[in-house]
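To keep things clear, I will list the structure first and then write my remarks on it.
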Amino acid sequence: MSAAIKISIAIHALALLLLFWTWRYWPLTLTIIVINHLVLLVAGFVPRSPWIGANVRRLPPAAAAAGQLAITIDDGPDPLITPQVLDLLDQLECKVTFFCVGEQVAAHADLAREIVRRGHSIENHTQRHPLWFSGMGPAGIRREVLQAQATIAAAAGTAPRFFRAPAGFRNPLLDGILNAAGLRLVSWTRRGFDTVSTDPKVVLARLTRNLRGGDILLLHDGHAARAVDGSPVILRVLPELVAAARRAGLDCVTLRAALQPASAGKTT
């Protein structure tokens, strides 16, 4: 149970005690409860917020000091774009983390296996990528998380260890479900908005602003925007991003290598 849920329960309990004491304070009690729910609602729409549960926004200090950087790629695998991304990453000699959608993995299991075969890690980005994920109840959230977990493990041969919510939006119920599933929530340090921005230079500038060790960067192979010439923005950005990282003395690693180095080589 997240700290936010515990605090919320305490607030509701105190509000009830106040009502039992005297009904005269019901407007104050109602106001307190409404404010509590509004705070939780707003926190859920701030992807990098730690208020409603643990949230990895940067790599650990040791990884940052070692000059490590994590590039994460969401919403795939995409049958047209992901193979090109994988070939490009091979050329760049760069390892990244793919947060994959369960339904996409089921439809393109060969790509999921190829991601792992080429030395990248594959993680959980829900089963269907519902945009209303943050408004779901516990049963819906649990279903999205666990179905994706099973789908990805069956197709790729490796069980995800990290989770990212669609668009980063979530609610306080997610934290306990992830803990029970043995997953850690990961957001990002910086994102390129490459699902909506068609200018690779703008996306690159967002990602490289104040670039330093420990950063977690977000791009997309699924729902990728297209540049003016029709090419996926991610394919235009990746070479320049990796070059900028190396000029800064940074090394691209997977989240598993940075956050769980002792078990990074395991596949189950």
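As shown in the structure tokens, the chain order sets the letters A, B, ...; within each chain, residues go from 1, and ligands are also counted from 1 in the order they appear.
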DSSP-assigned strand (DSSP E) among segment 24-235 of chain A, expressed as a PyMOL selection string
chain A and resi 68-74+97-100+121-124+162-163+184-185+190-191+216-220
Mind the document's chain letters and residue numbers, and return as a ChimeraX atom specification the residues of segment 63-245 of chain A that DSSP labels helix (DSSP H, G or I).
/A:63-65,81-92,102-107,109-117,133-135,138-156,166-168,173-181,200-208,233-245
Separating atom CA of Cys94 of chain A from atom CA of Ala148 of chain A, to the nearest tenth of an Å, is a gap of 25.7 Å
Find the spatial neighbours of Gln127 of chain A, counting only C-alpha atoms, within a cut-off of 7 Å - ignore same-chain residues fewer than 4 positions away - and output them as a PDB file with N, CA and C atoms, in the first residue's frame.
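Saved to out_23.pdb:
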ATOM      1  N   VAL A 101       3.804  -3.098 -25.421  1.00  0.00           N
ATOM      2  CA  VAL A 101       2.387  -3.332 -25.180  1.00  0.00           C
ATOM      3  C   VAL A 101       2.093  -4.807 -25.433  1.00  0.00           C
ATOM      4  N   GLY A 102       1.400  -5.456 -24.494  1.00  0.00           N
ATOM      5  CA  GLY A 102       1.159  -6.886 -24.581  1.00  0.00           C
ATOM      6  C   GLY A 102       0.513  -7.323 -25.881  1.00  0.00           C
ATOM      7  N   GLU A 103      -0.507  -6.609 -26.327  1.00  0.00           N
ATOM      8  CA  GLU A 103      -1.186  -6.985 -27.562  1.00  0.00           C
ATOM      9  C   GLU A 103      -0.254  -6.900 -28.760  1.00  0.00           C
ATOM     10  N   GLU A 144      -4.560  -5.398 -16.654  1.00  0.00           N
ATOM     11  CA  GLU A 144      -3.647  -4.820 -17.651  1.00  0.00           C
ATOM     12  C   GLU A 144      -2.191  -5.167 -17.352  1.00  0.00           C
ATOM     13  N   VAL A 145      -1.828  -5.105 -16.092  1.00  0.00           N
ATOM     14  CA  VAL A 145      -0.439  -5.370 -15.697  1.00  0.00           C
ATOM     15  C   VAL A 145      -0.098  -6.848 -15.848  1.00  0.00           C
ATOM     16  N   GLN A 147      -1.747  -9.372 -17.425  1.00  0.00           N
ATOM     17  CA  GLN A 147      -1.864  -9.930 -18.772  1.00  0.00           C
ATOM     18  C   GLN A 147      -0.639  -9.578 -19.609  1.00  0.00           C
ATOM     19  N   ALA A 148      -0.189  -8.342 -19.518  1.00  0.00           N
ATOM     20  CA  ALA A 148       1.013  -7.948 -20.254  1.00  0.00           C
ATOM     21  C   ALA A 148       2.229  -8.715 -19.765  1.00  0.00           C
TER      22      ALA A 148
END
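Computed from the coordinates, the atom CA of Ala70 of chain A to atom CA of Arg117 of chain A distance equals 18.5 Å.
Residue nearest Ala155 of chain A, chosen from A:Thr254, A:Gln260, A:Gln104, A:Thr208 and counting only C-alpha atoms: A:Gln104.
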